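**Q** Below is start.csv; it holds CSV, C-alpha atoms and all ligand atoms.
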chain,number,residue,atom,x,y,z
A,1,MET,CA,-20.0,39.5,-7.3
A,2,SER,CA,-20.7,43.2,-7.9
A,3,THR,CA,-17.9,45.7,-7.2
A,4,ARG,CA,-19.8,47.0,-4.2
A,5,ARG,CA,-20.5,43.5,-2.8
A,6,LYS,CA,-16.8,42.6,-3.4
A,7,PHE,CA,-15.8,45.7,-1.4
A,8,LEU,CA,-18.2,44.8,1.4
A,9,PHE,CA,-16.9,41.2,1.5
A,10,ARG,CA,-13.3,42.2,1.5
A,11,SER,CA,-13.9,44.8,4.3
A,12,ALA,CA,-15.8,42.3,6.4
A,13,ALA,CA,-13.2,39.6,5.8
A,14,ALA,CA,-10.4,42.1,6.6
A,15,SER,CA,-12.0,43.1,9.9
A,16,VAL,CA,-12.4,39.5,10.9
A,17,ALA,CA,-8.8,38.8,10.0
A,18,ALA,CA,-7.6,42.0,11.8
A,19,LEU,CA,-9.4,40.8,14.9
A,20,ALA,CA,-7.7,37.4,14.6
A,21,GLY,CA,-4.3,39.2,14.2
A,22,LYS,CA,-3.8,38.1,10.6
A,23,ASN,CA,-3.5,39.9,7.3
A,24,LEU,CA,-5.8,37.7,5.2
A,25,PHE,CA,-5.0,39.1,1.8
A,26,ALA,CA,-1.2,39.3,2.3
A,27,ALA,CA,-1.2,35.7,3.6
A,28,ASN,CA,-1.9,34.5,0.0
A,29,HIS,CA,1.4,35.9,-1.1
A,30,SER,CA,3.7,35.0,1.8
A,31,PRO,CA,5.7,31.8,1.5
A,32,VAL,CA,4.2,29.0,3.6
A,33,ILE,CA,6.4,26.5,5.3
A,34,ASN,CA,4.6,23.2,5.9
A,35,ASP,CA,5.5,20.3,8.0
A,36,PRO,CA,6.3,17.5,5.6
A,37,ILE,CA,4.5,14.2,6.1
A,38,VAL,CA,4.2,10.9,4.3
A,39,ILE,CA,1.6,8.2,4.8
A,40,SER,CA,1.2,4.8,3.1
A,41,THR,CA,-0.9,1.7,3.2
A,42,TRP,CA,0.0,-1.3,5.3
A,43,ASP,CA,2.9,-2.2,7.7
A,44,PHE,CA,5.3,-2.4,4.8
A,45,GLY,CA,4.7,1.3,4.2
A,46,LYS,CA,7.0,2.0,7.1
A,47,GLU,CA,10.2,1.2,5.2
A,48,ALA,CA,8.9,2.9,2.1
A,49,ASN,CA,8.1,6.0,4.2
A,50,ALA,CA,11.6,6.0,5.6
A,51,GLU,CA,13.0,6.1,2.1
A,52,ALA,CA,10.5,8.9,1.1
A,53,TRP,CA,11.6,10.8,4.2
A,54,LYS,CA,15.2,11.0,2.9
A,55,THR,CA,13.8,13.3,0.2
A,56,LEU,CA,11.0,15.0,2.1
A,57,GLY,CA,13.0,15.6,5.3
A,58,SER,CA,15.6,17.5,3.4
A,59,GLY,CA,13.3,19.8,1.6
A,60,GLY,CA,12.7,17.7,-1.5
A,61,SER,CA,9.5,17.4,-3.5
A,62,ALA,CA,6.5,15.2,-2.6
A,63,LEU,CA,6.7,13.8,-6.1
A,64,ASP,CA,10.3,12.7,-5.8
A,65,ALA,CA,9.6,11.4,-2.3
A,66,VAL,CA,6.6,9.1,-3.3
A,67,GLU,CA,8.5,7.7,-6.3
A,68,ALA,CA,11.5,6.9,-4.2
A,69,GLY,CA,9.4,5.5,-1.3
A,70,VAL,CA,7.3,3.0,-3.3
A,71,LYS,CA,10.4,1.7,-5.1
A,72,ILE,CA,11.3,-0.1,-1.8
A,73,PRO,CA,8.5,-2.7,-1.8
A,74,GLU,CA,8.7,-2.8,-5.6
A,75,ALA,CA,12.2,-4.2,-5.4
A,76,ASP,CA,11.6,-6.4,-2.4
A,77,PRO,CA,11.3,-10.1,-3.4
A,78,ASN,CA,9.7,-10.9,0.0
A,79,ASN,CA,6.8,-8.6,-0.7
A,80,HIS,CA,4.4,-10.8,-2.7
A,81,THR,CA,1.9,-8.1,-3.6
A,82,VAL,CA,4.1,-5.4,-5.2
A,83,GLY,CA,6.7,-5.5,-7.9
A,84,TYR,CA,9.5,-8.0,-8.1
A,85,GLY,CA,8.4,-11.2,-6.3
A,86,GLY,CA,4.7,-10.3,-6.7
A,87,MET,CA,2.3,-13.2,-7.3
A,88,PRO,CA,1.7,-13.9,-11.0
A,89,ASP,CA,-1.6,-14.2,-12.8
A,90,ARG,CA,-3.1,-17.6,-13.3
A,91,GLU,CA,-0.9,-18.2,-16.4
A,92,GLY,CA,2.3,-17.5,-14.5
A,93,HIS,CA,3.0,-13.9,-15.7
A,94,VAL,CA,3.8,-11.2,-13.1
A,95,THR,CA,2.0,-8.2,-14.4
A,96,LEU,CA,2.3,-4.8,-12.6
A,97,ASP,CA,0.0,-1.8,-12.3
A,98,ALA,CA,1.2,1.6,-11.1
A,99,CYS,CA,0.3,5.3,-11.2
A,100,ILE,CA,1.6,8.6,-9.9
A,101,MET,CA,0.0,12.1,-9.6
A,102,ASP,CA,1.4,15.4,-8.6
A,103,GLU,CA,0.3,18.8,-7.3
A,104,GLN,CA,-0.2,20.1,-10.9
A,105,TYR,CA,-2.8,17.5,-11.7
A,106,ARG,CA,-0.3,15.8,-13.9
A,107,CYS,CA,-0.6,12.0,-13.8
A,108,GLY,CA,0.9,8.9,-15.4
A,109,SER,CA,0.0,5.2,-15.3
A,110,VAL,CA,1.1,1.8,-16.5
A,111,MET,CA,-1.2,-1.3,-16.6
A,112,GLY,CA,-0.2,-4.9,-17.0
A,113,LEU,CA,3.5,-4.1,-17.4
A,114,GLU,CA,5.8,-7.1,-17.3
A,115,HIS,CA,9.5,-7.6,-16.7
A,116,ILE,CA,10.2,-4.2,-15.2
A,117,VAL,CA,11.1,-3.9,-11.5
A,118,HIS,CA,10.0,-0.3,-11.1
A,119,PRO,CA,6.6,0.3,-12.8
A,120,ILE,CA,6.3,3.5,-10.8
A,121,ALA,CA,9.3,5.0,-12.5
A,122,VAL,CA,7.8,4.1,-15.9
A,123,ALA,CA,4.4,5.7,-14.8
A,124,ARG,CA,6.3,8.9,-14.0
A,125,LEU,CA,8.0,8.9,-17.4
A,126,VAL,CA,4.6,8.4,-19.1
A,127,MET,CA,3.5,11.5,-17.2
A,128,GLU,CA,6.6,13.6,-18.0
A,129,LYS,CA,7.6,12.4,-21.5
A,130,THR,CA,4.4,11.5,-23.4
A,131,PRO,CA,1.3,13.2,-24.4
A,132,HIS,CA,-0.7,10.4,-22.7
A,133,VAL,CA,-1.7,9.3,-19.2
A,134,VAL,CA,-1.8,5.5,-19.5
A,135,LEU,CA,0.3,3.0,-21.4
A,136,ILE,CA,-0.6,-0.7,-21.2
A,137,GLY,CA,1.0,-4.1,-21.6
A,138,ASP,CA,3.5,-4.5,-24.5
A,139,GLY,CA,3.3,-0.8,-25.3
A,140,ALA,CA,4.3,0.1,-21.8
A,141,LEU,CA,7.1,-2.4,-21.9
A,142,GLN,CA,8.3,-1.0,-25.3
A,143,PHE,CA,8.3,2.5,-23.8
A,144,ALA,CA,10.2,1.4,-20.7
A,145,LEU,CA,12.9,-0.4,-22.8
A,146,ALA,CA,13.3,2.6,-25.1
A,147,ASN,CA,13.9,4.7,-22.0
A,148,GLY,CA,16.7,2.5,-20.6
A,149,PHE,CA,14.9,0.2,-18.3
A,150,GLN,CA,16.2,-3.4,-18.1
A,151,LYS,CA,14.1,-6.4,-18.8
A,152,GLU,CA,14.1,-8.8,-15.8
A,153,ASN,CA,12.4,-12.0,-14.7
A,154,LEU,CA,10.0,-10.9,-11.9
A,155,LEU,CA,8.8,-14.4,-11.0
A,156,THR,CA,10.9,-15.5,-8.0
A,157,PRO,CA,11.3,-19.2,-7.1
A,158,GLU,CA,9.0,-18.6,-4.1
A,159,SER,CA,6.2,-17.0,-6.1
A,160,GLU,CA,6.5,-19.7,-8.8
A,161,LYS,CA,6.2,-22.4,-6.2
A,162,ALA,CA,3.1,-20.7,-4.7
A,163,TRP,CA,1.6,-20.4,-8.2
A,164,LYS,CA,2.2,-24.1,-9.0
A,165,GLU,CA,0.6,-25.1,-5.7
A,166,TRP,CA,-2.3,-22.9,-6.5
A,167,LEU,CA,-2.7,-24.5,-10.0
A,168,LYS,CA,-3.5,-27.8,-8.3
A,169,GLU,CA,-7.0,-26.5,-7.3
A,170,SER,CA,-7.1,-23.2,-9.2
A,171,LYS,CA,-9.6,-21.7,-6.8
A,172,TYR,CA,-9.8,-17.9,-7.0
A,173,GLU,CA,-10.5,-17.0,-3.4
A,174,PRO,CA,-8.6,-13.8,-2.5
A,175,VAL,CA,-7.6,-13.7,1.2
A,176,MET,CA,-8.4,-10.5,3.0
A,177,ASN,CA,-5.3,-9.1,4.7
A,178,ILE,CA,-1.7,-10.2,4.2
A,179,GLU,CA,-1.3,-10.5,8.0
A,180,ASN,CA,-4.0,-13.1,8.1
A,181,ALA,CA,-2.6,-15.0,5.1
A,182,LYS,CA,0.8,-15.7,6.3
A,183,ASN,CA,0.0,-19.0,7.9
A,184,LEU,CA,-1.9,-20.5,5.0
A,185,PRO,CA,-0.5,-23.7,3.5
A,186,GLY,CA,1.2,-23.0,0.2
A,187,GLY,CA,2.0,-19.4,0.9
A,188,PRO,CA,0.4,-16.0,0.8
A,189,TYR,CA,-2.4,-16.2,-1.7
A,190,ASN,CA,-3.5,-12.7,-1.5
A,191,HIS,CA,-3.4,-9.1,-2.6
A,192,ASP,CA,-2.3,-5.7,-1.2
A,193,THR,CA,-0.9,-2.5,-2.7
A,194,ILE,CA,1.3,0.3,-1.6
A,195,GLY,CA,-0.5,3.6,-1.9
A,196,MET,CA,1.6,6.5,-0.7
A,197,LEU,CA,0.6,10.1,-0.2
A,198,ALA,CA,3.0,12.9,0.7
A,199,MET,CA,3.0,16.6,1.5
A,200,ASP,CA,6.3,18.5,1.2
A,201,ALA,CA,7.6,21.7,2.9
A,202,LYS,CA,5.9,23.8,0.2
A,203,GLY,CA,2.6,22.2,1.1
A,204,HIS,CA,2.4,20.4,-2.3
A,205,LEU,CA,0.8,17.0,-2.4
A,206,SER,CA,1.7,14.0,-4.6
A,207,GLY,CA,0.8,10.3,-4.5
A,208,ALA,CA,2.0,7.0,-5.9
A,209,CYS,CA,0.3,3.6,-6.1
A,210,THR,CA,1.9,0.3,-7.2
A,211,THR,CA,0.9,-3.3,-7.1
A,212,SER,CA,1.1,-6.8,-8.7
A,213,GLY,CA,-2.7,-6.9,-8.2
A,214,MET,CA,-4.7,-9.9,-7.1
A,215,ALA,CA,-2.7,-13.1,-6.9
A,216,PHE,CA,-3.8,-15.5,-9.7
A,217,LYS,CA,-6.0,-12.9,-11.4
A,218,MET,CA,-7.1,-13.6,-15.0
A,219,ARG,CA,-4.6,-12.6,-17.7
A,220,GLY,CA,-5.2,-9.0,-18.6
A,221,ARG,CA,-7.1,-8.1,-15.4
A,222,VAL,CA,-6.4,-4.6,-14.1
A,223,GLY,CA,-7.5,-3.4,-10.7
A,224,ASP,CA,-8.1,0.0,-9.2
A,225,SER,CA,-4.5,0.8,-8.4
A,226,PRO,CA,-3.3,2.3,-11.7
A,227,ILE,CA,-6.6,4.0,-12.4
A,228,ILE,CA,-6.4,7.7,-11.6
A,229,GLY,CA,-9.4,8.4,-9.4
A,230,ALA,CA,-9.9,4.8,-8.3
A,231,GLY,CA,-6.7,3.7,-6.7
A,232,LEU,CA,-5.2,7.2,-6.3
A,233,TYR,CA,-6.2,10.8,-6.6
A,234,VAL,CA,-4.4,14.0,-5.7
A,235,ASP,CA,-6.1,17.4,-5.7
A,236,ASN,CA,-3.6,20.0,-4.4
A,237,GLU,CA,-6.5,22.3,-3.4
A,238,VAL,CA,-8.0,19.8,-1.1
A,239,GLY,CA,-6.1,16.6,-0.3
A,240,ALA,CA,-5.2,13.2,-1.6
A,241,ALA,CA,-6.4,9.6,-1.2
A,242,THR,CA,-5.4,6.1,-2.1
A,243,SER,CA,-6.8,2.6,-1.6
A,244,SER,CA,-6.0,-1.0,-1.1
A,245,GLY,CA,-8.2,-4.1,-1.4
A,246,VAL,CA,-10.4,-5.7,-4.0
A,247,GLY,CA,-10.0,-3.2,-6.8
A,248,GLU,CA,-13.2,-4.2,-8.7
A,249,GLU,CA,-15.3,-2.7,-5.9
A,250,VAL,CA,-13.1,0.5,-5.6
A,251,ILE,CA,-13.4,1.1,-9.4
A,252,ARG,CA,-17.3,0.9,-9.2
A,253,ILE,CA,-17.4,3.9,-6.8
A,254,VAL,CA,-14.2,5.7,-8.2
A,255,GLY,CA,-13.1,5.5,-4.6
A,256,SER,CA,-10.1,7.8,-4.2
A,257,HIS,CA,-11.7,10.6,-6.2
A,258,LEU,CA,-14.8,10.2,-4.0
A,259,VAL,CA,-12.8,10.5,-0.8
A,260,VAL,CA,-11.1,13.7,-2.1
A,261,GLU,CA,-14.5,15.2,-3.1
A,262,LEU,CA,-15.9,14.4,0.3
A,263,MET,CA,-12.9,16.2,1.9
A,264,ARG,CA,-13.7,19.2,-0.4
A,265,GLN,CA,-17.2,19.2,1.1
A,266,GLY,CA,-15.7,19.5,4.6
A,267,TYR,CA,-15.3,15.9,5.7
A,268,ASN,CA,-12.1,15.2,7.6
A,269,PRO,CA,-9.9,12.5,6.1
A,270,LYS,CA,-11.2,9.6,8.3
A,271,GLU,CA,-14.8,10.7,7.8
A,272,ALA,CA,-14.3,10.9,4.1
A,273,CYS,CA,-12.7,7.4,3.9
A,274,LYS,CA,-15.6,6.1,6.1
A,275,ALA,CA,-18.2,7.6,3.8
A,276,ALA,CA,-16.6,6.0,0.8
A,277,VAL,CA,-16.6,2.6,2.5
A,278,GLU,CA,-20.3,3.1,3.3
A,279,ARG,CA,-21.0,3.9,-0.4
A,280,LEU,CA,-19.2,0.8,-1.4
A,281,ILE,CA,-21.3,-1.3,1.0
A,282,LYS,CA,-24.5,0.3,-0.4
A,283,ARG,CA,-23.5,-0.5,-4.0
A,284,ASN,CA,-22.7,-4.2,-3.3
A,285,PRO,CA,-23.8,-5.2,0.3
A,286,GLU,CA,-23.3,-8.9,0.0
A,287,LYS,CA,-19.9,-8.8,-1.6
A,288,ALA,CA,-18.7,-6.1,0.8
A,289,LYS,CA,-19.1,-8.5,3.7
A,290,THR,CA,-16.6,-11.0,2.2
A,291,ILE,CA,-13.8,-8.7,1.0
A,292,GLN,CA,-11.3,-6.1,2.2
A,293,VAL,CA,-11.1,-2.6,1.0
A,294,GLY,CA,-9.4,0.3,2.9
A,295,PHE,CA,-9.0,4.0,2.0
A,296,LEU,CA,-6.2,6.3,3.3
A,297,ALA,CA,-6.4,10.1,2.9
A,298,ILE,CA,-4.6,13.3,3.8
A,299,ASN,CA,-5.9,16.9,3.6
A,300,LYS,CA,-4.1,20.2,3.0
A,301,LYS,CA,-3.6,20.7,6.7
A,302,GLY,CA,-1.6,17.5,6.9
A,303,GLN,CA,-4.4,15.7,8.8
A,304,TYR,CA,-4.7,12.1,7.8
A,305,GLY,CA,-7.1,9.2,8.4
A,306,ALA,CA,-8.2,5.8,7.1
A,307,TYR,CA,-11.1,3.5,7.2
A,308,ALA,CA,-11.7,-0.1,6.0
A,309,LEU,CA,-14.4,-2.6,5.5
A,310,GLN,CA,-12.7,-5.2,7.7
A,311,LYS,CA,-10.4,-5.2,10.7
A,312,GLY,CA,-6.7,-5.5,9.8
A,313,PHE,CA,-6.1,-2.6,7.4
A,314,THR,CA,-3.0,-0.9,8.7
A,315,TYR,CA,-1.2,2.3,7.5
A,316,SER,CA,2.2,3.9,8.2
A,317,VAL,CA,2.9,7.5,9.0
A,318,LYS,CA,6.2,9.5,9.1
A,319,SER,CA,6.6,13.1,9.9
A,320,ASN,CA,8.8,15.3,12.1
A,321,LYS,CA,6.5,14.4,15.0
A,322,GLU,CA,6.0,10.6,14.6
A,323,GLU,CA,6.9,7.4,12.9
A,324,LYS,CA,4.1,5.0,13.5
A,325,ILE,CA,1.9,2.2,12.2
A,326,TYR,CA,-1.8,2.5,12.9
A,327,GLU,CA,-4.7,0.1,12.4
A,328,ALA,CA,-7.6,1.8,10.7
A,329,GLU,CA,-11.1,1.7,12.1
A,330,SER,CA,-13.4,-0.6,10.2
A,331,LYS,CA,-17.0,-1.3,9.5
A,332,TRP,CA,-16.8,-4.9,10.7
A,333,LYS,CA,-14.6,-6.2,13.5
B,1,LIG,N1,-6.2,-3.0,-5.2
B,1,LIG,C1,-5.4,-4.0,-5.7
B,1,LIG,C2,-6.0,-4.6,-6.9
B,1,LIG,O1,-7.2,-4.8,-7.0
B,1,LIG,C3,-5.1,-5.1,-4.7
B,1,LIG,C4,-5.0,-4.7,-3.2
B,1,LIG,O2,-4.6,-3.5,-3.0
B,1,LIG,O3,-5.2,-5.5,-2.3
B,1,LIG,O4,-5.3,-5.0,-7.8
Let me see whether you can do it: turn the structure in this file into structure tokens.
**A**
Amino acid sequence: MSTRRKFLFRSAAASVAALAGKNLFAANHSPVINDPIVISTWDFGKEANAEAWKTLGSGGSALDAVEAGVKIPEADPNNHTVGYGGMPDREGHVTLDACIMDEQYRCGSVMGLEHIVHPIAVARLVMEKTPHVVLIGDGALQFALANGFQKENLLTPESEKAWKEWLKESKYEPVMNIENAKNLPGGPYNHDTIGMLAMDAKGHLSGACTTSGMAFKMRGRVGDSPIIGAGLYVDNEVGAATSSGVGEEVIRIVGSHLVVELMRQGYNPKEACKAAVERLIKRNPEKAKTIQVGFLAINKKGQYGAYALQKGFTYSVKSNKEEKIYEAESKWK
């Protein structure tokens, strides 16, 4: 912009701001106090949010909050889709995927990590202590052990029983939503993930995403959850997004990054999630009818929204104003 045009722009903007009773240019320098908020996928996000809130509600950072929050389902043996007690792959190994991203575009990820209850904490260390973004398998384990993490058996008797039951027919047919899977004979053969997004009192955004992936997946399979841009993306200028569901389809459209870019173009969080779901359907229409994928997003104003392929995708919200579980709108009922 030429100096004269810059001057005209600033004068015009200043007059508009003056009319609105605001000092536009000073506003950039004054400290902004935001209302903290944390949102996460599924009903089990509620307990995770409560943990995150201990940090957020007392002025802590969004990054610390999301790490603390998702550790709750990671350590819960009754949650069969995240961390300890997660369903194993078809060879009986519990392999975990997790990633984390903060307001400075820093990110860390682990893929196919075994024997460690809190992959999210390892992902954060990858971000903070290494020159890399992703560590996989044995290398990720070696790094975790070198940093004081303990080696544990993550396969609980319940998950082992379900896996042995599954081996009898060995049919890879993921079930859509955990809520619908509870009554199946032989246990919950399914998938889900905790994706958590938070905004702290400084208005900074961070996110975390952690999962045991698809139950009875092939050994070595990695889904969307630990892939920055697919299962999680945070852009502190715009907003953040995360996903749950069949990761292969999310990776194909780089789902979470797409949602954030749509918000950058002016879509509100729900519209952005909906447009990403529509894109996914367009890319693979037949498959999209038979699987579940849901996106969850938040923008810099603290507005949030979600949208899924199928009915049944829920998400949990905690702020000073509310503590609630919502069901997302969906393409198909
Ligand atoms: N997105 C996860 C994966 O593909 C599973 C899920 O969230 O349901 O591993």
**Q** Return the single residue from A:Thr55, A:Ser225, A:Gln142, A:Gln150 that is closest to ligand LIG 1 (chain B), with distances computed using all atoms listed in the file.
**A** A:Ser225
**Q** What is the atom CA of A:Ser170-atom CA of A:Asn78 distance in Å, reported with one decimal?
**A** 22.8 Å
**Q** Figure out the distance between atom CA of A:Asp102 and atom CA of A:Lys300, please, to one decimal in Å.
**A**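 Pair atom CA of A:Lys300 / atom CA of A:Asp102 returns 13.7 Å.
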**Q** What's the 12 Å shell around stretch 125-137 of chain A, counting only C-alpha atoms, without same-chain residues fewer than 2 positions away, as a PyMOL selection string?
**A** chain A and resi 63+67+93-102+104-116+118-123+139-149+219-222+226-228
**Q** Considering all atoms listed in the file, can you say which of A:Tyr267, A:Tyr84, A:Phe216, A:Trp166 comes closest to ligand LIG 1 (chain B)?
**A** A:Phe216
**Q** Tell me, as number ranges by chain, which residues lie within 10 Å of A:Tyr233, counting all atoms listed in the file; anything in the same chain fewer than 2 positions away does not count.
**A** A: 99-102, 105, 107, 197, 206-209, 227-231, 235-236, 239-243, 254-260, 297
**Q** Distance limit 8 Å, reference ligand LIG 1 (chain B), atoms considered: only C-alpha atoms and all ligand atoms. Which residues make the cut? Give them as a ChimeraX atom specification.
**A** /A:81,97,176-177,190-194,211-214,222-225,231,243-248,250,292-293
**Q** Counting only C-alpha atoms, which of A:Lys54, A:Arg90, A:Lys71, A:Lys324 gets nearest to A:Met196?
**A**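 Answer, going by the shortest atom-to-atom distance: A:Lys71.
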**Q** Between atom CA of A:Asp138 and atom CA of A:Met218, what is the distance in Å, rounded to a tenth?
**A**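 Calculated distance between atom CA of A:Asp138 and atom CA of A:Met218 is 16.9 Å.
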**Q** So which residues touch A:Asn49 within 10 Å, counting only C-alpha atoms, skipping near sequence neighbours fewer than 6 positions away, as a PyMOL selection string?
**A** chain A and resi 37-40+56+65-66+68-70+72+196-198+316-319+323
**Q** Quick one: write out the picked residues with C-alpha atoms as a JSON list (two decimals), keeping the file's coordinate frame?
**A**
[["chain", "number", "residue", "atom", "x", "y", "z"],
["A", 37, "ILE", "CA", 4.50, 14.20, 6.10],
["A", 38, "VAL", "CA", 4.20, 10.90, 4.30],
["A", 39, "ILE", "CA", 1.60, 8.20, 4.80],
["A", 40, "SER", "CA", 1.20, 4.80, 3.10],
["A", 56, "LEU", "CA", 11.00, 15.00, 2.10],
["A", 65, "ALA", "CA", 9.60, 11.40, -2.30],
["A", 66, "VAL", "CA", 6.60, 9.10, -3.30],
["A", 68, "ALA", "CA", 11.50, 6.90, -4.20],
["A", 69, "GLY", "CA", 9.40, 5.50, -1.30],
["A", 70, "VAL", "CA", 7.30, 3.00, -3.30],
["A", 72, "ILE", "CA", 11.30, -0.10, -1.80],
["A", 196, "MET", "CA", 1.60, 6.50, -0.70],
["A", 197, "LEU", "CA", 0.60, 10.10, -0.20],
["A", 198, "ALA", "CA", 3.00, 12.90, 0.70],
["A", 316, "SER", "CA", 2.20, 3.90, 8.20],
["A", 317, "VAL", "CA", 2.90, 7.50, 9.00],
["A", 318, "LYS", "CA", 6.20, 9.50, 9.10],
["A", 319, "SER", "CA", 6.60, 13.10, 9.90],
["A", 323, "GLU", "CA", 6.90, 7.40, 12.90]]
**Q** Select, from A:Glu152, A:Glu327, A:Asp35, A:Asp200, the residue with the minimum atom-to-atom distance to A:Ala52, counting only C-alpha atoms.
**A**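 Using only C-alpha atoms, the shortest distance to A:Ala52 belongs to A:Asp200.
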**Q** What lies within 9 Å of A:Lys217 using all atoms listed in the file, ignoring chain neighbours under 6 positions off, as JSON, numbers by chain?
**A** {"A": [88, 89, 90, 91, 172]}
**Q** Put a box with edges along x, y and z around all the listed atoms of stretch 210-214 of chain A, pad it by 8 Å on each side, then give me its centre and sizes in Å, one decimal, as AutoDock Vina command-line options.
**A**
--center_x -1.4 --center_y -4.8 --center_z -7.9 --size_x 22.6 --size_y 26.2 --size_z 17.6
